[in-house]
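To start, the structure itself, in structure tokens.
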Protein chains: 2
Amino acid sequence: MSQLGLLPRRAWTALLSQLLRLPCSSCIQAVRCHSQVAGAVLTSQLKAHQEKPNFIIKTPKGTRDLSPQQMVVREKILDLVVSCFKRHGAMGMDTPAFELKEMLTEKYGEGSGLMYDLKDQGGELLSLRYDLTVPFARYLAMNKVKKMKRYHVGKVWRRESPTIVQGRYREFCQCDFDIAGQFDPMIPDAECLKIMCEILNGLQLGDFLIKVNDRRIVDGMFAVCGVPESKFSTICSSIDKLDKMAWKDVRHEMVAKKGLAPEVADRIGDYVQCHGGVSLVEQMFQDPRLSQNKQALEGLGDLKLLFEYLTLFGIAEKISFDLSLARGLDYYTGVIYEAVLLHTPTQAGAEPLSVGSVAAGGRYDGLVGMFDPKGHKVPCVGLSIGVERIFNIVEQRMKTFGEKVRTTETQVLVATPHKNFLQERLKLIAELWDAGIKAEMLYKNNPKLLTQLHYCESTGIPLVVIVGEQELKEGVVKIRSVASREEVAIKRENLVAEIQKRLSES
Amino acid sequence: MSQLGLLPRRAWTALLSQLLRLPCSSCIQAVRCHSQVAGAVLTSQLKAHQEKPNFIIKTPKGTRDLSPQQMVVREKILDLVVSCFKRHGAMGMDTPAFELKEMLTEKYGEGSGLMYDLKDQGGELLSLRYDLTVPFARYLAMNKVKKMKRYHVGKVWRRESPTIVQGRYREFCQCDFDIAGQFDPMIPDAECLKIMCEILNGLQLGDFLIKVNDRRIVDGMFAVCGVPESKFSTICSSIDKLDKMAWKDVRHEMVAKKGLAPEVADRIGDYVQCHGGVSLVEQMFQDPRLSQNKQALEGLGDLKLLFEYLTLFGIAEKISFDLSLARGLDYYTGVIYEAVLLHTPTQAGAEPLSVGSVAAGGRYDGLVGMFDPKGHKVPCVGLSIGVERIFNIVEQRMKTFGEKVRTTETQVLVATPHKNFLQERLKLIAELWDAGIKAEMLYKNNPKLLTQLHYCESTGIPLVVIVGEQELKEGVVKIRSVASREEVAIKRENLVAEIQKRLSES
């Protein structure tokens, strides 16, 4: 019933461009979005509750329930993502929702302050997981696994100030794919980018671009611009905001708040405006300052090789070497990347507009070693799909185009036109269930036939099995097609086979 | 490859009986189980870690990771459970992992002390969800939903002292199915029991029995035995332990710890030994004391009707009216039930032995009203599948019988017999991925052919696509069947079609 992702390209582009002009891209009504993101509040209940006047029924700030409609959309998206991960040979795994707090410290840079801690109730100090990457590294070190290609779908939690735009939540789902192991350079890295392309193409979210950089180039750039090494991590966090903030604001943060010399900031400013294809890599090899930095040269060498593999994969035109990409997390050591949806404005020749990141990742060769008592390293590279943002976009698309989804899969309603036929319905429906047929009945002793037929229409059930006095006498039941309203009598003993036949044909 | 649940009945019964004699039913090695339950510890790392001598890599107490092997088993079980829920017309939904603490208080009786609270980091007071039922009731009240049939699969958290037996964890997965709405008596309740039977039959866990009682009968029994009303809830919690503790210990707890008069305890003792079929319901109608209690009579009336429907569903012989069943949670108001696996001892005529609950539930007509400011009630009935315990049993069965599962679904390995063929492999594998074929390659510039073939054998990949100098020259590739070792040359342009043909045949 759902046509998820099967809209004409033009219609979709038009919608996206419309969405992008709204202050809130995740909901039609900004008001509704606000209450969703802040934890949907039923304010009317504030006044009414007599016994507990301050009792408000709501979900915690920054969280939300998923309704059955939302679940159907979410499951379709997750199915597409997971089947791509499986197509690339990944295994599933899971880790607990919380970790020992010490496992998570010193891994996330400025993000560490956003961790949800559990109350000390006597015992270990625990925190909710902040991403799926650090628990994966902990798993590898703990089990001494040296090689693994795995995916992980799960919730993570971050105490961010819920921003209204872009549908940011404090509880959100991540879909991660990672390759751990010592391999030849850039082969797994290229596969990660291929996977991002396959998923974004598969979801038909419109045009996208994957920005690529290398943490060694970022560090090299900082070094040759004159950033003191002690400030690398915090300046990296600032640069990471360039997709949300203008350069002048990021510059202000670096200079005024983080004490960077203005001329150093300006030197960085020259670099972070550069983006382009493999030719920019060549150009940076010639850059008088950057070419003096060993780390940067290593990064550039890897990027060159990466572009070669991406060309063989047929996705090089989707990739942009972008010196403004920094990625906020501390654990990256090599290639980093981030996919953004593009919005093609109506007037030709205008600059494509970025919609914010929907997938990201990179290489983190040192993280596993942080957990290993002897510091043994397991090089890793991976990616994370920002499904929450994708859910919002797809949900919005479906609302705008009036696409409907069935929230149940029921195939048959067992109905009766008479009173006192509950027993017959119960016997009959048990037979269908036991044959694996998805069946429902109304939980009433004597429902009206019209009510039963209306239930089928409103929930999309295609077939009705009707048993009444006449049918019982003749040893038959009627099968009615809800769409055509045609009814045929079938011998009772042939019922299951007949239904299975009809369902396999439809 | 996996034969999950397809073992001969006799072998399975023998295994189960063997398992039940072990102190630890969830693992072959008691030692291994202990470390699992307490949060797998790598003690060797205690000494070795130089910088942080007290740093132990482990998961929090009572939690565990799921390995890829475990995930495959878990997913098969969850698939079976969810498809049963969908067969009965349920919709999916989700709620946040944590709720406002006040949403969860006064709902669980003595369980409330086991809740995980989050640290007060400025903002709302939050607790991890303790089950999926209270969040469901909160959802219904918050959205003013009066009627809903939903399932929910998710993790819940309880700070129980990890017991080694029976695989109890502090983080575990629940699979819930609930029917909310005002309907005619016992029809949804009977469906819940039918679902439990379908799932336990489907998982082929061996013989099982579903104990049924009614909270009104429990309360009526307490009243006629002389339990003061203020002690109903705490005595109910004691009775709930009868499946794990002997009567004499439960009696001691009630008398010595909870201050119940010994003669009252003994009167209860007479009742809780009773179990049987519908005839016991009739017998209790005649019981001189119980028949004087209005509540108990209501409960008995409903049970009688329930047995009628269960007979029509063909599952009455699986159901036992059991006056010792109390269910610890405060929110139940009517029918309650609990499924236990049975162990048939080798000597005939001996009493079947209970293995502990694998599914449970009941009617809770007052819970939604607790969230509603005007106290509007939405009657509910539901069930929860104890998948964690079922995982342990199935996993154990597979280990014992040496059943293997593939942890990946890869269909094709792209290989080469020569050096310098990375580029060809990359082009070829991208083609396969783009055609939806599950394909892998080794992440080496120049892997040995034997290594590549060995990888297929060890991971169960059925086909190898080989490209080498000769093939490249002739415009062909070789397809090799790993099982038969047969190789055929296929025109390069026909490769995808040929692979798809082979995979559809297998």
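Residues in the structure tokens are numbered from 1 in each chain, the chains being A, B, ... in the order shown, and ligands are numbered from 1 in the order shown.
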Excluding stretch 203-213 of chain B and its own-chain neighbours fewer than 2 positions away, which residues fall within 6 Å of it when counting only C-alpha atoms? Please give them as number ranges by chain.
B: 5, 200-201, 318-322, 335-342
Writing out the chosen residues with C-alpha atoms as a PDB file, in the first residue's frame:
```pdb
ATOM      1  CA  GLY B   5      13.479 -26.067  16.570  1.00  0.00           C
ATOM      2  CA  LEU B 200       5.393 -21.992  22.553  1.00  0.00           C
ATOM      3  CA  ASN B 201       4.304 -24.639  20.045  1.00  0.00           C
ATOM      4  CA  LYS B 318      -2.867 -26.816  28.066  1.00  0.00           C
ATOM      5  CA  ILE B 319      -4.491 -24.645  30.741  1.00  0.00           C
ATOM      6  CA  SER B 320      -4.491 -25.268  34.484  1.00  0.00           C
ATOM      7  CA  PHE B 321      -6.524 -23.248  36.987  1.00  0.00           C
ATOM      8  CA  ASP B 322      -3.939 -22.792  39.734  1.00  0.00           C
ATOM      9  CA  VAL B 335      -7.407 -12.954  34.819  1.00  0.00           C
ATOM     10  CA  ILE B 336      -3.681 -13.674  35.233  1.00  0.00           C
ATOM     11  CA  TYR B 337      -1.600 -16.401  33.586  1.00  0.00           C
ATOM     12  CA  GLU B 338       1.883 -17.770  33.360  1.00  0.00           C
ATOM     13  CA  ALA B 339       3.308 -20.402  31.005  1.00  0.00           C
ATOM     14  CA  VAL B 340       5.847 -22.903  32.291  1.00  0.00           C
ATOM     15  CA  LEU B 341       7.816 -25.492  30.386  1.00  0.00           C
ATOM     16  CA  LEU B 342       7.357 -29.031  31.643  1.00  0.00           C
TER      17      LEU B 342
END
```
Residues of stretch 116-360 of chain B in strand (DSSP E), written as number ranges by chain
B: 126-128, 148-157, 171-180, 208-214, 275-276, 319-322, 335-343, 353-360
Let's have the selection written as an mmCIF file, in the first residue's frame, with C-alpha atoms.
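Written file, again_24.cif:
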```cif
data_model
loop_
_atom_site.group_PDB
_atom_site.id
_atom_site.type_symbol
_atom_site.label_atom_id
_atom_site.label_comp_id
_atom_site.auth_asym_id
_atom_site.auth_seq_id
_atom_site.Cartn_x
_atom_site.Cartn_y
_atom_site.Cartn_z
ATOM 1 C CA LEU B 126 13.976 9.849 34.940
ATOM 2 C CA SER B 127 13.985 6.059 35.302
ATOM 3 C CA LEU B 128 14.686 3.315 32.807
ATOM 4 C CA MET B 148 -5.659 -0.654 20.334
ATOM 5 C CA LYS B 149 -4.064 -4.020 19.655
ATOM 6 C CA ARG B 150 -0.318 -3.574 19.642
ATOM 7 C CA TYR B 151 2.919 -5.461 20.083
ATOM 8 C CA HIS B 152 6.161 -4.062 21.379
ATOM 9 C CA VAL B 153 9.608 -5.633 21.360
ATOM 10 C CA GLY B 154 12.147 -3.813 23.472
ATOM 11 C CA LYS B 155 14.634 -3.868 26.276
ATOM 12 C CA VAL B 156 13.661 -3.306 29.911
ATOM 13 C CA TRP B 157 15.905 -2.916 32.946
ATOM 14 C CA GLU B 171 18.898 -5.815 30.990
ATOM 15 C CA PHE B 172 16.567 -8.028 29.050
ATOM 16 C CA CYS B 173 14.299 -8.075 26.043
ATOM 17 C CA GLN B 174 10.526 -8.322 26.340
ATOM 18 C CA CYS B 175 7.997 -9.123 23.623
ATOM 19 C CA ASP B 176 4.580 -7.842 24.585
ATOM 20 C CA PHE B 177 1.160 -8.160 22.980
ATOM 21 C CA ASP B 178 -1.775 -6.260 24.469
ATOM 22 C CA ILE B 179 -5.412 -5.598 23.619
ATOM 23 C CA ALA B 180 -6.842 -2.344 24.963
ATOM 24 C CA PHE B 208 4.253 -26.641 28.492
ATOM 25 C CA LEU B 209 1.397 -25.671 30.746
ATOM 26 C CA ILE B 210 -0.311 -22.339 31.260
ATOM 27 C CA LYS B 211 -1.380 -21.643 34.835
ATOM 28 C CA VAL B 212 -4.430 -19.419 35.083
ATOM 29 C CA ASN B 213 -5.954 -17.588 38.022
ATOM 30 C CA ASP B 214 -7.775 -14.306 38.611
ATOM 31 C CA HIS B 275 -4.851 -26.795 40.667
ATOM 32 C CA GLY B 276 -6.899 -28.406 37.926
ATOM 33 C CA ILE B 319 -4.491 -24.645 30.741
ATOM 34 C CA SER B 320 -4.491 -25.268 34.484
ATOM 35 C CA PHE B 321 -6.524 -23.248 36.987
ATOM 36 C CA ASP B 322 -3.939 -22.792 39.734
ATOM 37 C CA VAL B 335 -7.407 -12.954 34.819
ATOM 38 C CA ILE B 336 -3.681 -13.674 35.233
ATOM 39 C CA TYR B 337 -1.600 -16.401 33.586
ATOM 40 C CA GLU B 338 1.883 -17.770 33.360
ATOM 41 C CA ALA B 339 3.308 -20.402 31.005
ATOM 42 C CA VAL B 340 5.847 -22.903 32.291
ATOM 43 C CA LEU B 341 7.816 -25.492 30.386
ATOM 44 C CA LEU B 342 7.357 -29.031 31.643
ATOM 45 C CA HIS B 343 9.936 -31.662 32.054
ATOM 46 C CA LEU B 353 8.540 -30.692 36.873
ATOM 47 C CA SER B 354 8.203 -26.987 36.229
ATOM 48 C CA VAL B 355 11.073 -25.096 34.553
ATOM 49 C CA GLY B 356 10.035 -21.581 35.411
ATOM 50 C CA SER B 357 7.955 -19.085 33.539
ATOM 51 C CA VAL B 358 8.595 -18.394 29.855
ATOM 52 C CA ALA B 359 5.518 -16.233 29.222
ATOM 53 C CA ALA B 360 3.024 -14.449 31.411
#
```
Hey, list the chain B side of the contact with chain A: 6 Å cut-off, only C-alpha atoms, answer as number ranges by chain.
B: 48-49, 57, 60, 65-68, 71, 87-89, 91-95, 99-100, 117-119, 142, 183-184, 187, 312-313, 373, 407-408, 410, 427, 430, 438-439, 443-444
I want to know what sits within 7 Å of A:Cys192, based on only C-alpha atoms, with residues of the same chain fewer than 4 positions away left out; could you give that as a list in words?
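So, after excluding close chain neighbours, the residues are Pro188, Met196, Gly382 and Leu383 of chain A.
Going from atom CA of B:Leu193 over to atom CA of B:Arg327, you cover 15.7 Å.
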Give me the residues within 12 Å of B:Pro228 as a ChimeraX atom specification, counting only C-alpha atoms and dropping any in the same chain fewer than 2 places off.
/B:219-226,230-235,258-261,264-265
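The interatomic distance for the pair atom CA of B:Tyr169 and atom CA of B:Phe391 works out to 12.3 Å.
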Apply DSSP to the backbone of this structure and, from stretch 378-467 of chain A, keep only the residues in helix (DSSP H, G or I); write these as a ChimeraX atom specification.
/A:387-400,422-434,449-459
For A:Trp247, work out the shell of residues within 8 Å, counting only C-alpha atoms and skipping chain neighbours fewer than 4 positions away, then give it as a list in words.
Leu242, Arg251 and Gly269 of chain A
Work out how far atom CA of B:Ser112 is from atom CA of B:Val255, in Å to one decimal.
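Atom CA of B:Ser112 lies at a distance of 22.8 Å from atom CA of B:Val255.
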